[in-house]
Number of protein chains: 4
Amino acid sequence: MTNGYFLEDLTTGMSASYGKTITDADIVLFAGVSGDTNPVHLDQEFAAKTPFKTRIAHGMLSASFISTVIGTKLPGPGAIYMSQNLRFKAPVKIGDTVQTTCTITEIIAEKRRIVLSTICKVGDTVVIEGDALIMVPSRGK
Amino acid sequence: MTNGYFLEDLTTGMSASYGKTITDADIVLFAGVSGDTNPVHLDQEFAAKTPFKTRIAHGMLSASFISTVIGTKLPGPGAIYMSQNLRFKAPVKIGDTVQTTCTITEIIAEKRRIVLSTICKVGDTVVIEGDALIMVPSRGK
Amino acid sequence: MTNGYFLEDLTTGMSASYGKTITDADIVLFAGVSGDTNPVHLDQEFAAKTPFKTRIAHGMLSASFISTVIGTKLPGPGAIYMSQNLRFKAPVKIGDTVQTTCTITEIIAEKRRIVLSTICKVGDTVVIEGDALIMVPSRGK
Amino acid sequence: MTNGYFLEDLTTGMSASYGKTITDADIVLFAGVSGDTNPVHLDQEFAAKTPFKTRIAHGMLSASFISTVIGTKLPGPGAIYMSQNLRFKAPVKIGDTVQTTCTITEIIAEKRRIVLSTICKVGDTVVIEGDALIMVPSRGK
């Protein structure tokens with residue numbers, strides 16, 4: 001059974017990342033699964049009249065990369081997502097590569113929980129920032 | 001140009017919903033666009049050994065339905081997502097229908113922002129709860 | 001239960017629109033679900049020798065936007081599609097934004113049916129024109 | 001260059017078919033490319049309260065199979081779609097296999113056009129019926 005880190009293996013400052021280039025295919029597939037057909041994502045003529053000037057990716061698509069880091073890398077499979085907050089700071093355009101980095105900022109050992117800072121960037125621009133609270137399996141369990 | 005509600009059209013207590021039945025196709029497509037290949041979503045043998053006993057949907061898939069309500073219904077196109085917090089309360093299984101309801105709880109007129117409570121339920125069980133902060137276009141702008 | 005308009009809420013001249021920019025992802029996904037692998041959509045070398053000179057979108061992809069307006073906006077959920085006719089007037093190329101507008105032209109109250117003119121345009125060019133016949137739920141029912 | 005039939009190769013009564021089993025993946029992908037998120041396709045709880053009792057496929061998804069027969073088989077690549085009418089007679093459910101058959105009913109040689117009857121069936125039930133008008137390349141051209 002493929003497992004992620006146990007609580008005892010984790011220390012503050014540990015970090016993991018996931019990079020993803022946003023394509024038109026991501027946008028149309030995300031629209032299908034989410035049902036979010038907001039024209040700012042799908043209609044270039046509409047988007048051109050918004051402050052963004054062009055079609056942008058769904059914010060929750062970039063947010064999903066945080067779950068990717070947590071669920072596949074740090075701490076990885078076996079962890080349970082408790083909560084997440086998200087501040088959307090800047091738009092992501094088609095063709096942008098989103099680099100998502102999660103870093104352990106706090107370990108609450110008695111509750112088997114950790115806090116991670118969760119940052120999505122495009123180049124040097126932060127597009128999402130927030131924190132995740134995760135329950136992690138313990139070897140002692 | 002299809003637009004959503006303007007700030008002047010909104011009052012606290014207004015509410016909108018989106019319902020979506022979760023299928024295997026949603027899981028695999030969400031895995032594809034997000035890169036979140038956590039086995040709890042994709043590997044029944046792994047999932048059977050977790051507290052969930054079976055494969056579950058990505059939490060961020062259900063969270064994306066909040067964006068669907070906000071971006072297509074209330075307030076709809078033209079709104080800008082500022083922030084979201086998410087508390088994951090219970091798992092969503094394949095075949096579950098997630099009903100997502102967003103309700104305006106506060107209008108901060110001078111900043112053209114609104115707060116919505118954002119709740120995802122499967123039957124009577126809350127699976128996600130949180131709040132969204134949204135910037136809304138004003139007619140007076 | 002999210003419902004669309006009832007028959008009693010509708011008048012001739014009411015109209016709704018949906019805009020969608022056509023991307024390569026739409027073409028390949030539509031080819032996948034429909035099975036329509038006509039090379040005029042998928043093979044640039046074939047398409048270059050046709051009167052269109054380049055790959056074009058499936059006509060039925062643009063036609064599907066008519067269903068989008070009817071099923072999500074006017075009259076929206078609860079309506080039943082009875083019939084549609086489609087005249088394909090001009091090709092749609094990748095990158096074009098298709099604006100689809102449906103306008104109620106007739107209300108047949110005793111049969112709870114409405115007729116809509118259904119027009120898809122790219123800029124000022126009509127690409128599809130036709131009419132839809134829709135059965136609409138009645139409050140009195 | 002892969003080409004379909006020329007006008008001179010066609011006679012009335014010629015026929016071709018395409019069969020496709022409808023899956024949840026088709027529904028969610030069609031929702032994404034079309035933007036048609038009508039809950040009768042995506043929300044089992046909504047659909048259960050409609051006359052259909054369960055989620056149904058988009059009518060235009062079945063209609064797209066007509067284009068598949070015409071664009072890939074009869075007359076195949078090189079043909080140009082002029083018009084189509086569609087009468088939606090019965091719903092298509094997930095798991096149903098749609099058999100679509102197009103049969104040449106008329107050849108209008110001087111205009112290089114043909115008329116086909118276009119029928120989609122699930123078992124013995126006609127789900128869509130209509131006619132297509134197609135322009136076909138001529139060897140003499």
# chains A, B, ... in the order shown; residues from 1 in each chain; ligands from 1
>>> interface_residues(of="chain C", to="chain A", cutoff="9 Å", atoms="only C-alpha atoms", output="list in words")
Tyr18, Gly19, Lys20, Thr21, Ile22, Thr23, Asp24, Ala25, Asp26, Leu29, Gly95, Asp96, Thr97, Val98 and Gln99 of chain C
>>> write_last_selection(atoms="N, CA and C atoms", output="PDB file, in the first residue's frame")
ATOM      1  N   TYR C  18     -25.677  32.890 -25.276  1.00  0.00           N
ATOM      2  CA  TYR C  18     -24.507  32.196 -24.718  1.00  0.00           C
ATOM      3  C   TYR C  18     -23.346  32.400 -25.679  1.00  0.00           C
ATOM      4  N   GLY C  19     -22.210  32.812 -25.135  1.00  0.00           N
ATOM      5  CA  GLY C  19     -21.017  33.010 -25.965  1.00  0.00           C
ATOM      6  C   GLY C  19     -19.964  31.974 -25.632  1.00  0.00           C
ATOM      7  N   LYS C  20     -19.293  31.457 -26.656  1.00  0.00           N
ATOM      8  CA  LYS C  20     -18.260  30.421 -26.432  1.00  0.00           C
ATOM      9  C   LYS C  20     -17.189  30.579 -27.489  1.00  0.00           C
ATOM     10  N   THR C  21     -15.954  30.664 -27.030  1.00  0.00           N
ATOM     11  CA  THR C  21     -14.803  30.682 -27.926  1.00  0.00           C
ATOM     12  C   THR C  21     -14.400  29.243 -28.220  1.00  0.00           C
ATOM     13  N   ILE C  22     -14.257  28.929 -29.502  1.00  0.00           N
ATOM     14  CA  ILE C  22     -13.958  27.548 -29.923  1.00  0.00           C
ATOM     15  C   ILE C  22     -12.454  27.307 -29.848  1.00  0.00           C
ATOM     16  N   THR C  23     -12.062  26.270 -29.100  1.00  0.00           N
ATOM     17  CA  THR C  23     -10.651  25.925 -28.954  1.00  0.00           C
ATOM     18  C   THR C  23     -10.404  24.528 -29.515  1.00  0.00           C
ATOM     19  N   ASP C  24      -9.128  24.212 -29.689  1.00  0.00           N
ATOM     20  CA  ASP C  24      -8.773  22.858 -30.136  1.00  0.00           C
ATOM     21  C   ASP C  24      -9.304  21.789 -29.192  1.00  0.00           C
ATOM     22  N   ALA C  25      -9.334  22.126 -27.896  1.00  0.00           N
ATOM     23  CA  ALA C  25      -9.831  21.144 -26.921  1.00  0.00           C
ATOM     24  C   ALA C  25     -11.296  20.813 -27.195  1.00  0.00           C
ATOM     25  N   ASP C  26     -12.079  21.815 -27.561  1.00  0.00           N
ATOM     26  CA  ASP C  26     -13.486  21.560 -27.877  1.00  0.00           C
ATOM     27  C   ASP C  26     -13.607  20.599 -29.055  1.00  0.00           C
ATOM     28  N   LEU C  29     -12.487  16.992 -27.991  1.00  0.00           N
ATOM     29  CA  LEU C  29     -13.438  16.378 -27.059  1.00  0.00           C
ATOM     30  C   LEU C  29     -14.762  16.089 -27.766  1.00  0.00           C
ATOM     31  N   GLY C  95     -10.785  29.370 -32.678  1.00  0.00           N
ATOM     32  CA  GLY C  95     -10.504  30.738 -32.236  1.00  0.00           C
ATOM     33  C   GLY C  95     -11.709  31.656 -32.379  1.00  0.00           C
ATOM     34  N   ASP C  96     -12.668  31.282 -33.221  1.00  0.00           N
ATOM     35  CA  ASP C  96     -13.884  32.089 -33.359  1.00  0.00           C
ATOM     36  C   ASP C  96     -14.691  32.031 -32.056  1.00  0.00           C
ATOM     37  N   THR C  97     -15.367  33.115 -31.744  1.00  0.00           N
ATOM     38  CA  THR C  97     -16.325  33.122 -30.636  1.00  0.00           C
ATOM     39  C   THR C  97     -17.727  33.087 -31.220  1.00  0.00           C
ATOM     40  N   VAL C  98     -18.464  32.052 -30.853  1.00  0.00           N
ATOM     41  CA  VAL C  98     -19.837  31.862 -31.354  1.00  0.00           C
ATOM     42  C   VAL C  98     -20.803  32.474 -30.340  1.00  0.00           C
ATOM     43  N   GLN C  99     -21.604  33.415 -30.780  1.00  0.00           N
ATOM     44  CA  GLN C  99     -22.640  34.018 -29.938  1.00  0.00           C
ATOM     45  C   GLN C  99     -23.978  33.439 -30.376  1.00  0.00           C
TER      46      GLN C  99
END
>>> select_by_dssp(residues="chain A", states="strand (DSSP E or B)", output="JSON, numbers by chain")
{"A": [15, 16, 17, 18, 19, 20, 21, 56, 80, 81, 82, 83, 84, 85, 86, 87, 88, 93, 97, 98, 99, 100, 101, 102, 103, 104, 105, 106, 107, 108, 113, 114, 115, 116, 117, 118, 119, 120, 121, 122, 125, 126, 127, 128, 129, 130, 131, 132, 133, 134, 135]}
>>> write_last_selection(atoms="N, CA and C atoms", output="short mmCIF file (atom, residue, chain, number, x, y, z; two decimals), in the first residue's frame")
data_model
loop_
_atom_site.label_atom_id
_atom_site.label_comp_id
_atom_site.auth_asym_id
_atom_site.auth_seq_id
_atom_site.Cartn_x
_atom_site.Cartn_y
_atom_site.Cartn_z
N SER A 15 8.75 21.06 2.52
CA SER A 15 8.02 21.72 1.45
C SER A 15 7.96 20.82 0.22
N ALA A 16 6.90 20.96 -0.56
CA ALA A 16 6.78 20.23 -1.83
C ALA A 16 6.03 21.09 -2.82
N SER A 17 6.24 20.81 -4.11
CA SER A 17 5.67 21.67 -5.16
C SER A 17 5.07 20.85 -6.29
N TYR A 18 4.18 21.49 -7.03
CA TYR A 18 3.60 20.91 -8.26
C TYR A 18 3.47 22.03 -9.28
N GLY A 19 3.95 21.79 -10.49
CA GLY A 19 3.85 22.77 -11.56
C GLY A 19 2.91 22.27 -12.64
N LYS A 20 2.08 23.18 -13.18
CA LYS A 20 1.11 22.79 -14.21
C LYS A 20 0.89 23.96 -15.14
N THR A 21 1.03 23.70 -16.43
CA THR A 21 0.73 24.69 -17.45
C THR A 21 -0.75 24.60 -17.81
N ILE A 56 -9.61 33.85 -18.44
CA ILE A 56 -8.77 33.40 -17.34
C ILE A 56 -9.22 32.02 -16.88
N ILE A 80 -5.78 13.47 5.67
CA ILE A 80 -7.19 13.87 5.55
C ILE A 80 -7.26 15.40 5.60
N TYR A 81 -7.91 15.95 4.58
CA TYR A 81 -8.04 17.40 4.41
C TYR A 81 -9.07 17.90 5.41
N MET A 82 -8.67 18.78 6.32
CA MET A 82 -9.62 19.33 7.29
C MET A 82 -10.18 20.67 6.82
N SER A 83 -9.27 21.58 6.43
CA SER A 83 -9.75 22.88 5.97
C SER A 83 -8.70 23.58 5.13
N GLN A 84 -9.17 24.58 4.39
CA GLN A 84 -8.31 25.33 3.48
C GLN A 84 -8.87 26.74 3.39
N ASN A 85 -8.00 27.75 3.45
CA ASN A 85 -8.47 29.07 3.05
C ASN A 85 -7.68 29.54 1.85
N LEU A 86 -8.34 30.34 1.04
CA LEU A 86 -7.81 30.73 -0.27
C LEU A 86 -8.02 32.22 -0.46
N ARG A 87 -6.94 32.95 -0.76
CA ARG A 87 -7.09 34.35 -1.15
C ARG A 87 -6.62 34.46 -2.60
N PHE A 88 -7.55 34.82 -3.47
CA PHE A 88 -7.23 34.92 -4.91
C PHE A 88 -6.63 36.30 -5.16
N LYS A 93 -3.86 33.08 -16.66
CA LYS A 93 -4.28 33.07 -18.06
C LYS A 93 -3.93 31.74 -18.72
N THR A 97 2.03 28.92 -16.44
CA THR A 97 2.39 27.76 -15.64
C THR A 97 2.27 28.12 -14.16
N VAL A 98 1.42 27.38 -13.47
CA VAL A 98 1.18 27.63 -12.05
C VAL A 98 2.09 26.73 -11.23
N GLN A 99 2.91 27.33 -10.38
CA GLN A 99 3.77 26.58 -9.47
C GLN A 99 3.16 26.67 -8.08
N THR A 100 2.79 25.53 -7.53
CA THR A 100 2.12 25.48 -6.23
C THR A 100 3.05 24.87 -5.20
N THR A 101 3.28 25.58 -4.13
CA THR A 101 4.20 25.11 -3.10
C THR A 101 3.51 25.10 -1.74
N CYS A 102 3.62 23.97 -1.06
CA CYS A 102 3.07 23.83 0.28
C CYS A 102 4.22 23.58 1.25
N THR A 103 4.21 24.31 2.34
CA THR A 103 5.31 24.28 3.32
C THR A 103 4.71 24.10 4.71
N ILE A 104 5.24 23.15 5.47
CA ILE A 104 4.71 22.92 6.82
C ILE A 104 5.12 24.08 7.72
N THR A 105 4.12 24.72 8.33
CA THR A 105 4.41 25.85 9.21
C THR A 105 4.18 25.52 10.68
N GLU A 106 3.43 24.44 10.93
CA GLU A 106 3.10 24.12 12.33
C GLU A 106 2.73 22.64 12.41
N ILE A 107 3.16 21.99 13.49
CA ILE A 107 2.79 20.59 13.74
C ILE A 107 2.09 20.53 15.10
N ILE A 108 0.85 20.07 15.09
CA ILE A 108 0.06 19.98 16.33
C ILE A 108 -0.02 18.50 16.67
N ARG A 113 -2.27 16.81 13.65
CA ARG A 113 -2.59 17.75 12.58
C ARG A 113 -1.38 18.60 12.24
N ILE A 114 -1.34 19.03 11.00
CA ILE A 114 -0.30 19.97 10.58
C ILE A 114 -0.95 21.12 9.84
N VAL A 115 -0.26 22.25 9.86
CA VAL A 115 -0.67 23.42 9.08
C VAL A 115 0.37 23.64 7.99
N LEU A 116 -0.10 23.89 6.77
CA LEU A 116 0.81 24.20 5.68
C LEU A 116 0.45 25.56 5.09
N SER A 117 1.48 26.35 4.75
CA SER A 117 1.21 27.52 3.92
C SER A 117 1.10 27.00 2.49
N THR A 118 0.15 27.54 1.75
CA THR A 118 -0.15 27.03 0.40
C THR A 118 -0.14 28.22 -0.56
N ILE A 119 0.83 28.20 -1.45
CA ILE A 119 1.04 29.35 -2.34
C ILE A 119 1.05 28.88 -3.79
N CYS A 120 0.26 29.53 -4.64
CA CYS A 120 0.31 29.29 -6.09
C CYS A 120 0.89 30.54 -6.74
N LYS A 121 1.91 30.35 -7.57
CA LYS A 121 2.56 31.48 -8.25
C LYS A 121 2.61 31.24 -9.76
N VAL A 122 2.57 32.34 -10.50
CA VAL A 122 2.88 32.33 -11.93
C VAL A 122 4.09 33.25 -12.08
N THR A 125 4.62 36.18 -9.49
CA THR A 125 3.35 36.71 -9.01
C THR A 125 2.59 35.66 -8.22
N VAL A 126 2.24 35.99 -6.99
CA VAL A 126 1.38 35.11 -6.20
C VAL A 126 -0.04 35.21 -6.74
N VAL A 127 -0.62 34.08 -7.12
CA VAL A 127 -2.00 34.10 -7.63
C VAL A 127 -2.99 33.61 -6.57
N ILE A 128 -2.56 32.69 -5.72
CA ILE A 128 -3.38 32.28 -4.57
C ILE A 128 -2.45 32.12 -3.37
N GLU A 129 -2.93 32.57 -2.21
CA GLU A 129 -2.20 32.24 -0.99
C GLU A 129 -3.21 31.82 0.06
N GLY A 130 -2.76 30.96 0.99
CA GLY A 130 -3.65 30.50 2.03
C GLY A 130 -2.96 29.48 2.89
N ASP A 131 -3.76 28.79 3.69
CA ASP A 131 -3.25 27.78 4.61
C ASP A 131 -4.15 26.56 4.57
N ALA A 132 -3.55 25.41 4.78
CA ALA A 132 -4.30 24.16 4.85
C ALA A 132 -4.10 23.53 6.23
N LEU A 133 -5.15 22.92 6.73
CA LEU A 133 -5.07 22.13 7.97
C LEU A 133 -5.33 20.68 7.60
N ILE A 134 -4.37 19.80 7.97
CA ILE A 134 -4.39 18.42 7.51
C ILE A 134 -4.25 17.48 8.70
N MET A 135 -5.02 16.40 8.73
CA MET A 135 -4.82 15.34 9.72
C MET A 135 -3.93 14.27 9.09
#
>>> select_by_dssp(residues="region 11-44 of chain B", states="helix (DSSP H, G or I)", output="ChimeraX atom specification")
/B:24-34,39-42,44
>>> atom_distance(atom1="CA of Ile66 (chain B)", atom2="CA of Ser34 (chain A)")
9.0 Å
